[in-house]
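Here's the structure we're looking at; comments come further down.
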Amino acid sequence: MRTALNICSFVALAAACADTTVAHAQSYPQKPVRFVVPFAAGGAGDIFARTIAQKLSESFGYQVIVDNRPGANGIIGMEMVAKSPPDGYTIVMGNSAPMVLNPSLYAKLPYDPIKDYAPVTQGTLYQYILIVHPSIPARSVAELVKLAKSQPGKLQYGSSGPGGANHLAGEMFKRVAGVNIVHVPFKGSAPALADVLGGQISMMFDTIVTTMPQLQAAKVRALAVTGTKRAPQTPDVQTLRELGYAGYEVTSWQAILAPANTPRVIVDRLYQETVKALKMPDVIERLATKGGNELVGNTPDEFAKVIRSELALYARVIKEANIRLD
């Protein structure tokens, strides 16, 4: 009889705790929310976070405060959020670099991209465009590959630095095209683009929004884009897949994640409010029309599948390219 009473008491207590958790989550938030950006202010991720934070503040009735914690390729900010209480009051702007590239670039990370986070939604997706200096006698990818094969090690491509998405775009291109093109890392995409414009290096993979002014001024030539479909900004530029490089895809994204074990009802609230924001005309104007992003807004479960898929993809690419950052 006492055992039965103890079981009943335990069940009642568990149910009461569950009810309290749900009630607390449903009234979320009840104070300001910290939105960590693991990169410096002014970049694409920071712009995304501040745009969404403003809309979440309006919906929640509490301020969503952007907190820039740059350093170590995003590791510092990501670690801080991984170790934060799972109560919805600390979230993070995660992107491709710390979530799916770093795990293969570093032997040891202070966070696990699967175990330490609750995916909320992938907010934006953007691809890269292969550009060459006009002095390069190649007006197509086929001509570029032919040129590179005739002059192994002579052509150079720039990147924002070792391990960045545009570095991996170049390494994947070398692998699928079977060419020897030398990687020249810079401290950011801007100086790399400057050297392409000056003719010091032959080419690079850069974001479309950054290169559009140069394309329009005919200072560089576009040969292909790296996504699975053509970019609306450059509809005449084919994807590398269209050009016969099956399976080639390099995209980057900005997203929202919470610490692992954040109550699902809080994750769902964050997801619903973010998707609502992504449909607003001024957000579309800033992030898509001017920012060159594709707006996504997938579900937490769909986003989790993206993370797992890209972890496997880039682990293979990074291993084949023998890239390490430690």
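Quick note on naming: the chains in the structure tokens go A, B, ... in the order shown, residues restart at 1 in each chain, and ligands are numbered from 1 in order of appearance.
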
Just the residues within 9 Å of stretch 177-182 of chain A, please, counting only C-alpha atoms, with nothing from its chain fewer than 6 positions along; format it as a short mmCIF file (atom, residue, chain, number, x, y, z; two decimals) with C-alpha atoms, in the first residue's frame.
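Heads up, here's the output in part_6.cif:
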data_model
loop_
_atom_site.label_atom_id
_atom_site.label_comp_id
_atom_site.auth_asym_id
_atom_site.auth_seq_id
_atom_site.Cartn_x
_atom_site.Cartn_y
_atom_site.Cartn_z
CA VAL A 145 39.54 24.34 -66.22
CA LYS A 146 41.36 23.91 -69.53
CA ALA A 148 44.33 25.60 -65.19
CA LYS A 149 45.23 22.15 -66.48
CA GLN A 151 49.34 25.69 -66.31
CA PRO A 152 49.32 23.65 -63.06
CA GLY A 153 49.93 25.77 -59.97
CA LYS A 154 49.98 29.08 -61.84
CA LEU A 155 46.41 30.29 -61.21
CA GLN A 156 45.58 31.48 -57.70
CA TYR A 157 42.31 31.89 -55.82
CA GLY A 158 41.77 34.08 -52.78
CA GLY A 170 37.77 26.60 -53.90
CA GLU A 171 39.02 23.27 -52.55
CA TYR A 245 29.85 19.02 -61.58
#

(request) Would you list the contacts of stretch 28-42 of chain A as a ChimeraX atom specification, taking every protein, DNA or RNA residue within 8 Å and counting only C-alpha atoms, but skipping same-chain residues closer than 3 positions in sequence? (result) /A:24-25,45-47,49,53,60,62-71,73-78,81,88-94,266

Where does stretch 27-112 of chain A meet stretch 305-317 of chain A within 8 Å, residue by residue, with the nearest atom pair and distance in Å to one decimal for each, counting only C-alpha atoms, listed by chain and rising number, as a tab-separated table?
residue	atom	partner	partner_atom	distance
A:Met99	CA	A:Ile307	CA	7.4
A:Val100	CA	A:Leu311	CA	4.8
A:Leu101	CA	A:Tyr314	CA	6.4
A:Pro103	CA	A:Leu311	CA	7.8
A:Ser104	CA	A:Ala315	CA	5.4

For N, CA and C atoms, I'd like the residues from the last selection saved as a compact mmCIF listing (two decimals), in the first residue's frame.
# COMPACT_ATOMS: atom_id res chain seq x y z
N MET A 99 29.24 25.91 -36.71
CA MET A 99 28.36 24.75 -36.54
C MET A 99 28.78 23.53 -37.36
N VAL A 100 29.18 23.72 -38.61
CA VAL A 100 29.45 22.54 -39.45
C VAL A 100 30.87 22.49 -40.02
N LEU A 101 31.61 23.59 -39.93
CA LEU A 101 33.00 23.58 -40.41
C LEU A 101 33.99 23.35 -39.27
N PRO A 103 33.91 21.75 -36.44
CA PRO A 103 34.12 20.39 -35.90
C PRO A 103 35.13 19.56 -36.68
N SER A 104 35.33 19.86 -37.96
CA SER A 104 36.32 19.13 -38.75
C SER A 104 37.64 19.89 -38.88

(request) Please give the complete set of residues from stretch 76-314 of chain A that DSSP, run on the backbone, assigns to strand (DSSP E or B), formatted as number ranges by chain. (result) A: 90-95, 117-132, 156-159, 182-185, 203-207, 221-225, 239, 251-259, 294-295

(message) As an exercise, work out the distance from atom CA of A:Ala224 to atom CA of A:Val141 in Å and give it to one decimal place.
(response)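 Going from atom CA of A:Ala224 over to atom CA of A:Val141, I get 7.2 Å.
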
(request) Determine which residues of stretch 65-164 of chain A receive a DSSP assignment of helix (DSSP H, G or I), computed from the backbone, and state them as number ranges by chain. (result) A: 72-82, 96-105, 141-150

Any chance you can output those residues with N, CA and C atoms as an mmCIF file, in the first residue's frame?
data_model
loop_
_atom_site.group_PDB
_atom_site.id
_atom_site.type_symbol
_atom_site.label_atom_id
_atom_site.label_comp_id
_atom_site.auth_asym_id
_atom_site.auth_seq_id
_atom_site.Cartn_x
_atom_site.Cartn_y
_atom_site.Cartn_z
ATOM 1 N N ALA A 72 38.106 33.521 -32.302
ATOM 2 C CA ALA A 72 38.407 32.105 -32.514
ATOM 3 C C ALA A 72 37.431 31.434 -33.480
ATOM 4 N N ASN A 73 37.146 32.123 -34.593
ATOM 5 C CA ASN A 73 36.282 31.532 -35.625
ATOM 6 C C ASN A 73 34.894 31.179 -35.088
ATOM 7 N N GLY A 74 34.402 32.004 -34.162
ATOM 8 C CA GLY A 74 33.073 31.806 -33.606
ATOM 9 C C GLY A 74 33.023 30.951 -32.359
ATOM 10 N N ILE A 75 34.154 30.395 -31.961
ATOM 11 C CA ILE A 75 34.162 29.426 -30.855
ATOM 12 C C ILE A 75 33.785 30.069 -29.524
ATOM 13 N N ILE A 76 34.266 31.285 -29.267
ATOM 14 C CA ILE A 76 34.043 31.920 -27.956
ATOM 15 C C ILE A 76 32.549 32.109 -27.680
ATOM 16 N N GLY A 77 31.844 32.692 -28.622
ATOM 17 C CA GLY A 77 30.415 32.931 -28.423
ATOM 18 C C GLY A 77 29.610 31.649 -28.384
ATOM 19 N N MET A 78 29.968 30.681 -29.231
ATOM 20 C CA MET A 78 29.237 29.417 -29.256
ATOM 21 C C MET A 78 29.405 28.653 -27.941
ATOM 22 N N GLU A 79 30.606 28.661 -27.387
ATOM 23 C CA GLU A 79 30.848 27.973 -26.117
ATOM 24 C C GLU A 79 30.045 28.618 -24.993
ATOM 25 N N MET A 80 30.000 29.940 -24.984
ATOM 26 C CA MET A 80 29.264 30.639 -23.934
ATOM 27 C C MET A 80 27.792 30.232 -23.923
ATOM 28 N N VAL A 81 27.196 30.155 -25.101
ATOM 29 C CA VAL A 81 25.777 29.799 -25.181
ATOM 30 C C VAL A 81 25.560 28.331 -24.838
ATOM 31 N N ALA A 82 26.485 27.476 -25.243
ATOM 32 C CA ALA A 82 26.367 26.047 -24.925
ATOM 33 C C ALA A 82 26.312 25.823 -23.420
ATOM 34 N N SER A 96 27.294 28.608 -40.573
ATOM 35 C CA SER A 96 27.986 27.426 -41.077
ATOM 36 C C SER A 96 29.356 27.218 -40.442
ATOM 37 N N ALA A 97 30.118 28.302 -40.265
ATOM 38 C CA ALA A 97 31.494 28.151 -39.787
ATOM 39 C C ALA A 97 31.575 27.453 -38.431
ATOM 40 N N PRO A 98 30.994 27.995 -37.368
ATOM 41 C CA PRO A 98 31.133 27.314 -36.077
ATOM 42 C C PRO A 98 30.335 26.030 -35.946
ATOM 43 N N MET A 99 29.236 25.906 -36.709
ATOM 44 C CA MET A 99 28.365 24.749 -36.542
ATOM 45 C C MET A 99 28.784 23.531 -37.360
ATOM 46 N N VAL A 100 29.182 23.715 -38.614
ATOM 47 C CA VAL A 100 29.452 22.537 -39.451
ATOM 48 C C VAL A 100 30.874 22.485 -40.016
ATOM 49 N N LEU A 101 31.614 23.587 -39.930
ATOM 50 C CA LEU A 101 33.003 23.581 -40.405
ATOM 51 C C LEU A 101 33.989 23.347 -39.266
ATOM 52 N N ASN A 102 33.833 24.087 -38.173
ATOM 53 C CA ASN A 102 34.789 23.981 -37.060
ATOM 54 C C ASN A 102 34.978 22.560 -36.533
ATOM 55 N N PRO A 103 33.914 21.747 -36.441
ATOM 56 C CA PRO A 103 34.120 20.392 -35.902
ATOM 57 C C PRO A 103 35.128 19.557 -36.682
ATOM 58 N N SER A 104 35.328 19.860 -37.957
ATOM 59 C CA SER A 104 36.322 19.132 -38.749
ATOM 60 C C SER A 104 37.636 19.888 -38.884
ATOM 61 N N LEU A 105 37.625 21.173 -38.542
ATOM 62 C CA LEU A 105 38.831 21.989 -38.672
ATOM 63 C C LEU A 105 39.690 21.965 -37.409
ATOM 64 N N VAL A 141 33.524 28.172 -67.297
ATOM 65 C CA VAL A 141 34.215 27.261 -66.385
ATOM 66 C C VAL A 141 35.042 26.256 -67.180
ATOM 67 N N ALA A 142 34.507 25.799 -68.295
ATOM 68 C CA ALA A 142 35.248 24.838 -69.127
ATOM 69 C C ALA A 142 36.572 25.425 -69.592
ATOM 70 N N GLU A 143 36.552 26.682 -69.997
ATOM 71 C CA GLU A 143 37.789 27.336 -70.441
ATOM 72 C C GLU A 143 38.741 27.551 -69.268
ATOM 73 N N LEU A 144 38.185 27.851 -68.091
ATOM 74 C CA LEU A 144 39.021 28.040 -66.901
ATOM 75 C C LEU A 144 39.712 26.730 -66.520
ATOM 76 N N VAL A 145 38.966 25.646 -66.556
ATOM 77 C CA VAL A 145 39.538 24.339 -66.222
ATOM 78 C C VAL A 145 40.630 23.966 -67.226
ATOM 79 N N LYS A 146 40.362 24.208 -68.495
ATOM 80 C CA LYS A 146 41.358 23.908 -69.532
ATOM 81 C C LYS A 146 42.625 24.722 -69.309
ATOM 82 N N LEU A 147 42.461 25.999 -68.968
ATOM 83 C CA LEU A 147 43.606 26.881 -68.701
ATOM 84 C C LEU A 147 44.389 26.398 -67.491
ATOM 85 N N ALA A 148 43.669 26.050 -66.415
ATOM 86 C CA ALA A 148 44.332 25.596 -65.186
ATOM 87 C C ALA A 148 45.106 24.303 -65.412
ATOM 88 N N LYS A 149 44.555 23.418 -66.213
ATOM 89 C CA LYS A 149 45.232 22.148 -66.479
ATOM 90 C C LYS A 149 46.480 22.342 -67.362
ATOM 91 N N SER A 150 46.438 23.397 -68.164
ATOM 92 C CA SER A 150 47.608 23.657 -69.021
ATOM 93 C C SER A 150 48.717 24.372 -68.266
#

(request) Could you check which of A:Leu287, A:Leu197, A:Ala260, A:Ile129 is closest to A:Leu240, using only C-alpha atoms? (result)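 Ranked by minimum distance to A:Leu240, first place goes to A:Ile129.
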
(request) Find the residues near A:Arg221: any atom within 12 Å, counting only C-alpha atoms, skip ones fewer than 5 places away on the same chain, and give them as an MDAnalysis selection string. (result) chainID A and resid 129:141 144 196:197 202:205 211:216 234 237

(request) Could you give me, as a ChimeraX atom specification, the residues within 9 Å of A:Asn166, counting only C-alpha atoms and dropping anything in the same chain fewer than 6 positions from it? (result) /A:128,158-160,189,204-207,250

Where does stretch 198-304 of chain A meet stretch 113-126 of chain A within 10 Å, residue by residue, with the nearest atom pair and distance in Å to one decimal for each, counting only C-alpha atoms, listed by chain and rising number, as a Markdown table?
| residue | atom | partner | partner_atom | distance |
| --- | --- | --- | --- | --- |
| A:Thr207 | CA | A:Tyr126 | CA | 7.6 |
| A:Ile208 | CA | A:Tyr126 | CA | 8.3 |
| A:Val209 | CA | A:Tyr126 | CA | 9.5 |
| A:Thr226 | CA | A:Tyr126 | CA | 9.4 |
| A:Gly227 | CA | A:Tyr126 | CA | 8.0 |
| A:Ala231 | CA | A:Tyr126 | CA | 9.0 |
| A:Val250 | CA | A:Tyr126 | CA | 9.0 |
| A:Thr251 | CA | A:Tyr126 | CA | 5.6 |
| A:Ser252 | CA | A:Tyr126 | CA | 5.5 |
| A:Trp253 | CA | A:Leu125 | CA | 4.4 |
| A:Gln254 | CA | A:Thr124 | CA | 5.3 |
| A:Ala255 | CA | A:Gln122 | CA | 4.2 |
| A:Ile256 | CA | A:Val120 | CA | 5.4 |
| A:Leu257 | CA | A:Pro119 | CA | 4.6 |
| A:Ala258 | CA | A:Ala118 | CA | 5.0 |
| A:Pro259 | CA | A:Tyr117 | CA | 4.5 |
| A:Ala260 | CA | A:Tyr117 | CA | 4.1 |
| A:Asn261 | CA | A:Ala118 | CA | 6.8 |
| A:Thr262 | CA | A:Ala118 | CA | 6.7 |
| A:Pro263 | CA | A:Ala118 | CA | 9.2 |
| A:Arg264 | CA | A:Ala118 | CA | 8.7 |
| A:Ile266 | CA | A:Val120 | CA | 9.5 |
| A:Val267 | CA | A:Val120 | CA | 5.8 |
| A:Asp268 | CA | A:Val120 | CA | 7.3 |
| A:Arg269 | CA | A:Val120 | CA | 9.2 |
| A:Leu270 | CA | A:Val120 | CA | 6.8 |
| A:Tyr271 | CA | A:Val120 | CA | 5.5 |
| A:Gln272 | CA | A:Thr121 | CA | 9.2 |
| A:Thr274 | CA | A:Gly123 | CA | 7.9 |
| A:Val275 | CA | A:Gly123 | CA | 8.0 |
| A:Ala277 | CA | A:Gly123 | CA | 9.9 |
| A:Leu278 | CA | A:Gly123 | CA | 7.6 |
| A:Leu287 | CA | A:Thr124 | CA | 8.0 |
| A:Ala288 | CA | A:Thr124 | CA | 8.4 |
| A:Gly291 | CA | A:Tyr126 | CA | 9.3 |
| A:Gly292 | CA | A:Tyr126 | CA | 7.0 |
| A:Asn293 | CA | A:Tyr126 | CA | 5.0 |
| A:Glu294 | CA | A:Leu125 | CA | 5.0 |
| A:Leu295 | CA | A:Thr124 | CA | 4.6 |
| A:Val296 | CA | A:Gly123 | CA | 5.2 |
| A:Gly297 | CA | A:Gly123 | CA | 5.1 |
| A:Asn298 | CA | A:Thr121 | CA | 5.5 |
| A:Thr299 | CA | A:Thr121 | CA | 5.7 |
| A:Pro300 | CA | A:Val120 | CA | 4.7 |
| A:Asp301 | CA | A:Pro119 | CA | 7.5 |
| A:Glu302 | CA | A:Thr121 | CA | 8.2 |
| A:Phe303 | CA | A:Thr121 | CA | 5.9 |
| A:Ala304 | CA | A:Pro119 | CA | 6.0 |

Would you save the residues from that selection as an mmCIF file, in the first residue's frame, using C-alpha atoms?
data_model
loop_
_atom_site.group_PDB
_atom_site.id
_atom_site.type_symbol
_atom_site.label_atom_id
_atom_site.label_comp_id
_atom_site.auth_asym_id
_atom_site.auth_seq_id
_atom_site.Cartn_x
_atom_site.Cartn_y
_atom_site.Cartn_z
ATOM 1 C CA THR A 207 29.258 36.428 -51.875
ATOM 2 C CA ILE A 208 27.021 37.689 -54.650
ATOM 3 C CA VAL A 209 25.905 40.825 -52.826
ATOM 4 C CA THR A 226 27.844 27.422 -55.977
ATOM 5 C CA GLY A 227 24.260 26.678 -54.937
ATOM 6 C CA ALA A 231 20.748 33.204 -57.924
ATOM 7 C CA VAL A 250 28.667 25.306 -51.128
ATOM 8 C CA THR A 251 26.279 27.557 -49.247
ATOM 9 C CA SER A 252 26.398 29.416 -45.951
ATOM 10 C CA TRP A 253 23.604 30.276 -43.592
ATOM 11 C CA GLN A 254 22.630 32.236 -40.543
ATOM 12 C CA ALA A 255 20.401 30.639 -37.959
ATOM 13 C CA ILE A 256 19.076 30.707 -34.425
ATOM 14 C CA LEU A 257 19.887 28.088 -31.800
ATOM 15 C CA ALA A 258 19.253 27.756 -28.079
ATOM 16 C CA PRO A 259 21.141 25.726 -25.470
ATOM 17 C CA ALA A 260 20.344 22.005 -25.437
ATOM 18 C CA ASN A 261 17.368 20.981 -23.274
ATOM 19 C CA THR A 262 15.573 24.286 -23.775
ATOM 20 C CA PRO A 263 11.858 23.387 -23.423
ATOM 21 C CA ARG A 264 10.356 22.618 -26.810
ATOM 22 C CA ILE A 266 10.080 27.880 -25.932
ATOM 23 C CA VAL A 267 11.942 26.670 -29.030
ATOM 24 C CA ASP A 268 8.623 26.619 -30.900
ATOM 25 C CA ARG A 269 7.768 30.156 -29.772
ATOM 26 C CA LEU A 270 11.140 31.422 -30.983
ATOM 27 C CA TYR A 271 10.646 29.555 -34.270
ATOM 28 C CA GLN A 272 7.137 30.924 -34.852
ATOM 29 C CA THR A 274 11.225 34.324 -36.290
ATOM 30 C CA VAL A 275 9.282 32.905 -39.240
ATOM 31 C CA ALA A 277 9.537 38.217 -38.924
ATOM 32 C CA LEU A 278 11.036 36.661 -42.059
ATOM 33 C CA LEU A 287 17.934 40.563 -45.832
ATOM 34 C CA ALA A 288 16.851 39.301 -49.264
ATOM 35 C CA GLY A 291 21.346 41.434 -48.544
ATOM 36 C CA GLY A 292 21.341 38.815 -51.281
ATOM 37 C CA ASN A 293 20.023 36.071 -49.005
ATOM 38 C CA GLU A 294 17.409 33.410 -49.559
ATOM 39 C CA LEU A 295 15.031 33.446 -46.584
ATOM 40 C CA VAL A 296 14.421 29.953 -45.194
ATOM 41 C CA GLY A 297 12.536 29.634 -41.895
ATOM 42 C CA ASN A 298 12.572 25.829 -41.686
ATOM 43 C CA THR A 299 11.301 23.958 -38.628
ATOM 44 C CA PRO A 300 13.576 22.975 -35.733
ATOM 45 C CA ASP A 301 13.514 19.330 -36.877
ATOM 46 C CA GLU A 302 14.271 20.244 -40.486
ATOM 47 C CA PHE A 303 17.131 22.465 -39.387
ATOM 48 C CA ALA A 304 18.568 19.655 -37.236
#
